[in-house]
$ cat run_10.cif   # mmCIF, C-alpha atoms
data_final
loop_
_atom_site.label_atom_id
_atom_site.label_comp_id
_atom_site.auth_asym_id
_atom_site.auth_seq_id
_atom_site.Cartn_x
_atom_site.Cartn_y
_atom_site.Cartn_z
CA MET A 1 0.00 0.00 0.00
CA ALA A 2 1.15 3.57 -0.71
CA ARG A 3 1.62 5.32 2.63
CA GLY A 4 -0.81 2.74 4.02
CA MET A 5 -3.42 3.61 1.36
CA LEU A 6 -5.81 1.06 -0.07
CA LEU A 7 -8.41 1.50 -2.78
CA TRP A 8 -11.39 -0.84 -2.98
CA LEU A 9 -14.09 -1.09 -5.66
CA ALA A 10 -17.34 -3.07 -5.50
CA ASP A 11 -20.17 -3.69 -7.93
CA ALA A 12 -23.30 -2.55 -6.12
CA GLY A 13 -25.41 -3.85 -8.98
CA ALA A 14 -24.49 -7.41 -8.04
CA LEU A 15 -26.17 -7.15 -4.64
CA SER A 16 -29.49 -8.90 -4.15
CA GLU A 17 -32.41 -7.09 -2.58
CA ALA A 18 -32.21 -9.48 0.36
CA SER A 19 -28.58 -8.50 0.96
CA LEU A 20 -29.42 -4.81 0.79
CA GLN A 21 -32.13 -5.22 3.39
CA ARG A 22 -29.79 -7.22 5.60
CA TYR A 23 -27.12 -4.53 5.41
CA LEU A 24 -29.51 -1.91 6.75
CA ALA A 25 -28.83 -3.41 10.18
CA TRP A 26 -25.20 -2.26 9.83
CA LEU A 27 -26.19 1.41 9.56
CA THR A 28 -26.51 3.93 12.37
CA PRO A 29 -29.80 5.83 12.92
CA GLY A 30 -28.41 8.88 11.12
CA GLU A 31 -27.43 6.79 8.11
CA LEU A 32 -30.83 5.08 8.07
CA ALA A 33 -32.52 8.48 8.12
CA ARG A 34 -30.49 9.66 5.15
CA HIS A 35 -31.12 6.41 3.30
CA GLY A 36 -34.85 6.91 3.80
CA ARG A 37 -34.71 10.35 2.16
CA PHE A 38 -33.38 9.04 -1.14
CA VAL A 39 -36.04 8.69 -3.81
CA ARG A 40 -34.17 6.76 -6.51
CA GLU A 41 -33.56 3.08 -5.86
CA LEU A 42 -30.13 3.32 -7.50
CA ARG A 43 -29.05 5.98 -5.00
CA LYS A 44 -30.30 3.88 -2.09
CA ARG A 45 -28.32 0.91 -3.40
CA GLN A 46 -25.17 3.03 -3.86
CA PHE A 47 -25.46 4.44 -0.36
CA VAL A 48 -25.85 1.10 1.39
CA ALA A 49 -23.15 -0.60 -0.67
CA GLY A 50 -20.72 2.26 -0.14
CA ARG A 51 -21.16 2.27 3.63
CA VAL A 52 -20.77 -1.51 3.79
CA LEU A 53 -17.59 -1.39 1.67
CA LEU A 54 -16.16 1.38 3.85
CA ARG A 55 -16.85 -0.59 7.02
CA MET A 56 -15.17 -3.66 5.53
CA ALA A 57 -12.06 -1.61 4.74
CA LEU A 58 -11.93 0.11 8.14
CA ALA A 59 -12.66 -2.92 10.33
CA PRO A 60 -9.17 -4.54 10.21
CA LEU A 61 -7.54 -1.22 11.14
CA LEU A 62 -9.91 -0.79 14.08
CA GLY A 63 -9.79 -4.38 15.31
CA VAL A 64 -13.56 -4.88 15.12
CA GLN A 65 -16.09 -6.59 12.87
CA PRO A 66 -17.44 -4.48 9.96
CA GLN A 67 -20.90 -4.36 11.59
CA GLN A 68 -19.33 -2.75 14.67
CA VAL A 69 -17.82 0.23 12.84
CA LEU A 70 -19.78 3.32 13.91
CA LEU A 71 -20.14 6.24 11.51
CA GLU A 72 -21.81 9.52 12.36
CA GLU A 73 -23.77 11.10 9.52
CA ARG A 74 -22.99 14.77 8.83
CA ASN A 75 -25.05 17.00 6.56
CA GLY A 76 -23.10 17.82 3.41
CA LEU A 77 -19.90 16.25 4.74
CA ALA A 78 -18.25 12.84 4.81
CA PRO A 79 -19.27 10.70 7.78
CA ARG A 80 -17.26 10.93 11.00
CA LEU A 81 -15.67 7.76 12.33
CA LEU A 82 -16.69 7.15 15.96
CA THR A 83 -15.01 3.78 16.53
CA PRO A 84 -11.54 4.41 18.02
CA ALA A 85 -8.45 2.77 16.55
CA PRO A 86 -6.27 0.67 18.88
CA ASP A 87 -3.28 2.97 18.33
CA GLY A 88 -5.35 6.14 18.74
CA ALA A 89 -4.75 7.27 15.15
CA THR A 90 -7.86 8.01 13.10
CA PRO A 91 -7.64 6.56 9.57
CA GLY A 92 -8.27 8.84 6.65
CA PHE A 93 -10.98 7.71 4.25
CA SER A 94 -13.18 8.77 1.37
CA ILE A 95 -16.05 7.09 -0.49
CA SER A 96 -17.51 7.64 -3.94
CA HIS A 97 -20.05 6.10 -6.30
CA SER A 98 -21.01 6.24 -9.95
CA GLY A 99 -23.49 4.01 -11.75
CA ARG A 100 -23.24 0.48 -10.43
CA TRP A 101 -19.82 1.11 -8.85
CA VAL A 102 -18.94 2.13 -5.31
CA ALA A 103 -15.41 2.78 -4.06
CA CYS A 104 -13.54 3.69 -0.92
CA ALA A 105 -10.00 4.77 -0.12
CA VAL A 106 -8.67 4.15 3.39
CA GLY A 107 -5.24 4.93 4.77
CA ASP A 108 -3.09 6.77 7.26
CA LEU A 109 -3.60 10.24 5.81
CA ALA A 110 -6.53 12.39 4.69
CA VAL A 111 -7.64 11.62 1.15
CA GLY A 112 -10.32 12.63 -1.31
CA LEU A 113 -11.61 10.04 -3.79
CA ASP A 114 -13.87 10.45 -6.77
CA ILE A 115 -15.00 7.95 -9.40
CA GLU A 116 -17.01 8.77 -12.51
CA MET A 117 -18.40 6.55 -15.25
CA ARG A 118 -16.97 7.79 -18.55
CA ASP A 119 -20.15 8.44 -20.55
CA ALA A 120 -19.52 9.75 -24.06
CA SER A 121 -23.23 10.39 -24.64
CA ARG A 122 -23.41 13.26 -22.14
CA ASP A 123 -23.14 16.91 -23.21
CA LEU A 124 -19.64 17.46 -21.87
CA ALA A 125 -19.45 21.06 -23.06
CA ALA A 126 -22.58 21.97 -21.11
CA LEU A 127 -21.34 20.13 -18.03
CA ALA A 128 -18.02 21.95 -18.24
CA LYS A 129 -19.72 25.36 -18.36
CA GLN A 130 -21.82 24.42 -15.35
CA ALA A 131 -19.10 22.90 -13.16
CA PHE A 132 -15.65 24.22 -14.11
CA ASP A 133 -13.93 27.38 -12.91
CA ALA A 134 -11.83 29.60 -15.21
CA ASP A 135 -8.64 27.53 -14.89
CA GLU A 136 -10.50 24.27 -15.44
CA MET A 137 -12.28 25.73 -18.46
CA ALA A 138 -8.92 26.73 -19.92
CA ARG A 139 -7.68 23.16 -19.54
CA TRP A 140 -10.93 21.87 -21.08
CA GLN A 141 -10.52 24.21 -24.04
CA GLN A 142 -7.03 22.86 -24.66
CA MET A 143 -8.53 19.38 -24.88
CA GLN A 144 -10.64 20.34 -27.88
CA ARG A 145 -7.61 19.61 -30.09
CA TRP A 146 -7.50 16.02 -28.85
CA ASP A 147 -9.23 13.04 -30.47
CA ASP A 148 -12.62 12.00 -29.10
CA ALA A 149 -11.41 9.23 -26.77
CA ALA A 150 -8.65 11.37 -25.24
CA ARG A 151 -11.00 14.36 -24.84
CA ILE A 152 -13.63 12.27 -23.04
CA GLU A 153 -11.02 10.75 -20.74
CA GLY A 154 -9.52 14.20 -20.11
CA PHE A 155 -12.89 15.71 -19.21
CA TYR A 156 -13.68 13.05 -16.64
CA ARG A 157 -10.17 13.22 -15.20
CA LEU A 158 -10.63 16.98 -14.74
CA TRP A 159 -14.08 16.50 -13.21
CA SER A 160 -12.87 13.76 -10.86
CA GLU A 161 -9.95 15.92 -9.74
CA LYS A 162 -12.34 18.72 -8.85
CA GLU A 163 -14.64 16.43 -6.87
CA ALA A 164 -11.77 14.69 -5.07
CA ARG A 165 -10.27 18.05 -4.03
CA ILE A 166 -13.63 19.17 -2.66
CA LYS A 167 -13.84 16.01 -0.57
CA LEU A 168 -10.35 16.72 0.73
CA GLY A 169 -11.43 20.25 1.64
CA LEU A 170 -9.28 22.00 -0.99
CA ALA A 171 -10.44 24.43 -3.65
CA VAL A 172 -7.09 24.23 -5.46
CA GLY A 173 -3.75 22.54 -4.99
CA GLY A 174 -3.07 19.25 -3.33
CA HIS A 175 -1.56 16.23 -5.03
CA CYS A 176 -3.91 14.32 -7.31
CA VAL A 177 -3.24 11.05 -9.10
CA ALA A 178 -5.33 9.21 -11.67
CA VAL A 179 -5.77 5.47 -11.12
CA PRO A 180 -6.19 3.50 -14.36
CA HIS A 181 -9.51 1.71 -14.80
CA GLN A 182 -11.18 0.43 -17.96
CA GLU A 183 -14.61 1.86 -17.22
CA LEU A 184 -14.14 4.56 -14.60
CA SER A 185 -12.29 7.80 -14.11
CA VAL A 186 -10.66 7.35 -10.68
CA VAL A 187 -8.76 10.15 -8.93
CA LEU A 188 -7.20 10.32 -5.46
CA CYS A 189 -6.17 13.65 -3.96
CA SER A 190 -4.08 14.16 -0.83
CA ALA A 191 -2.35 17.07 0.89
CA VAL A 192 1.06 15.36 0.53
CA PRO A 193 2.21 13.13 -2.32
CA LEU A 194 1.46 9.43 -2.13
CA ALA A 195 4.56 7.26 -2.24
CA SER A 196 2.97 5.30 -5.11
CA VAL A 197 -0.40 4.93 -6.77
CA PRO A 198 -2.51 2.25 -5.04
CA GLN A 199 -3.96 -0.36 -7.35
CA PRO A 200 -7.74 -0.78 -7.17
CA VAL A 201 -8.89 -4.04 -5.65
CA LEU A 202 -12.25 -5.46 -6.73
CA VAL A 203 -14.09 -6.61 -3.61
CA ALA A 204 -17.20 -8.79 -3.52
CA LEU A 205 -19.61 -7.62 -0.83
CA PRO A 206 -20.56 -10.60 1.34
#
$ encode --input "run_10.cif" --output "structure tokens"
Amino acid sequence: MARGMLLWLADAGALSEASLQRYLAWLTPGELARHGRFVRELRKRQFVAGRVLLRMALAPLLGVQPQQVLLEERNGLAPRLLTPAPDGATPGFSISHSGRWVACAVGDLAVGLDIEMRDASRDLAALAKQAFDADEMARWQQMQRWDDAARIEGFYRLWSEKEARIKLGLAVGGHCVAVPHQELSVVLCSAVPLASVPQPVLVALP
């Protein structure tokens, strides 16, 4: 692992409805309340799968079973870890979702993670105008000289960088790395450079 960093991916679409209902028992009251406010079934599935995956990644570091990992829901922010680590150090973590995929990064430093399905059918120009600041728009404009595949990949890399920085609490700066994946744009951002880029591990949710 790079600086103790791991990166896990799971296919939420592979979960049965029975498993999703069973996993609700893992969630805290605040998480259950948020889950109940989602209207779309896909978002409910992503939420449950993401919280289960995060608990599975955190549990070995905390010396507890995944069901015993306590997370406090915070409005507009990442959850707060309430379960203490044996060594007193709080792991850094970040979770993300896109389409059928959920992902989490867990390690010994603060990290922001974002994943995005690369969808060529979307109006990328309109999305760029809506989401990008002046510097990001300048980078996007430079990509217009690229071929279609490179431009699509570049857009989602830029978008993922922005989202990962926001999760890290940074408007600009930081150290961001792209993690290769056939279907997803995956970006990790940290305040200090990672020693190496962690390889994504595909995890089957039990």
$ residues_around --input "run_10.cif" --residues "region 18-21 of chain A" --least-positions-apart "4" --cutoff "12 Å" --atoms "all atoms listed in the file" --output "short mmCIF file (atom, residue, chain, number, x, y, z; two decimals) with C-alpha atoms, in the coordinates of the input"
data_model
loop_
_atom_site.label_atom_id
_atom_site.label_comp_id
_atom_site.auth_asym_id
_atom_site.auth_seq_id
_atom_site.Cartn_x
_atom_site.Cartn_y
_atom_site.Cartn_z
CA ALA A 12 -23.30 -2.55 -6.12
CA GLY A 13 -25.41 -3.85 -8.98
CA ALA A 14 -24.49 -7.41 -8.04
CA ALA A 25 -28.83 -3.41 10.18
CA TRP A 26 -25.20 -2.26 9.83
CA LEU A 27 -26.19 1.41 9.56
CA LEU A 32 -30.83 5.08 8.07
CA HIS A 35 -31.12 6.41 3.30
CA GLU A 41 -33.56 3.08 -5.86
CA LEU A 42 -30.13 3.32 -7.50
CA LYS A 44 -30.30 3.88 -2.09
CA ARG A 45 -28.32 0.91 -3.40
CA GLN A 46 -25.17 3.03 -3.86
CA PHE A 47 -25.46 4.44 -0.36
CA VAL A 48 -25.85 1.10 1.39
CA ALA A 49 -23.15 -0.60 -0.67
CA GLY A 50 -20.72 2.26 -0.14
CA ARG A 51 -21.16 2.27 3.63
CA VAL A 52 -20.77 -1.51 3.79
CA LEU A 205 -19.61 -7.62 -0.83
CA PRO A 206 -20.56 -10.60 1.34
#
$ resolve_selection --input "run_10.cif" --expression "the PyMOL selection byres ((chain A and resi 53-55) around 9)" --output "ChimeraX atom specification"
/A:8-10,26,48-52,56-59,65-71,93-95,102-106,203,205
$ resolve_selection --input "run_10.cif" --expression "the PyMOL selection byres ((chain A and resi 79-85) around 9)" --output "list in words"
Leu61, Leu62, Gly63, Val64, Gln68, Val69, Leu70, Leu71, Glu72, Glu73, Arg74, Asn75, Leu77, Ala78, Pro86, Asp87, Gly88, Ala89, Thr90 and Pro91 of chain A
$ atom_distance --input "run_10.cif" --atom1 "CA of Ala149 (chain A)" --atom2 "CA of Val187 (chain A)"
18.1 Å
$ atom_distance --input "run_10.cif" --atom1 "CA of Ala178 (chain A)" --atom2 "CA of Val111 (chain A)"
13.2 Å
$ closest_residue --input "run_10.cif" --among "A:Ser96, A:Gln141, A:Ser121, A:Gln130" --to "Glu163 (chain A)" --atoms "all atoms listed in the file"
A:Ser96
$ resolve_selection --input "run_10.cif" --expression "the PyMOL selection byres ((chain A and resi 167-173) around 9)" --output "NGL selection string"
:A and (77-78 or 94 or 110-114 or 162-166 or 174-176 or 189-191)
$ atom_distance --input "run_10.cif" --atom1 "CA of Leu109 (chain A)" --atom2 "CA of Gly76 (chain A)"
21.1 Å
$ closest_residue --input "run_10.cif" --among "A:Val201, A:Leu188, A:Trp159, A:Ile152" --to "Lys129 (chain A)" --atoms "only C-alpha atoms"
A:Trp159
$ closest_residue --input "run_10.cif" --among "A:Ala204, A:Val39, A:Leu124, A:Met5" --to "Arg151 (chain A)" --atoms "all atoms listed in the file"
A:Leu124
$ residues_around --input "run_10.cif" --residues "Gln182 (chain A)" --least-positions-apart "3" --cutoff "10 Å" --atoms "all atoms listed in the file" --output "list in words"
Met117, Arg118 and Ser185 of chain A
$ closest_residue --input "run_10.cif" --among "A:Leu127, A:Trp101, A:Gln142, A:Val177" --to "Ala195 (chain A)" --atoms "all atoms listed in the file"
A:Val177
$ closest_residue --input "run_10.cif" --among "A:Trp140, A:Gly154, A:Ala33, A:Ser16" --to "Ala128 (chain A)" --atoms "all atoms listed in the file"
A:Trp140
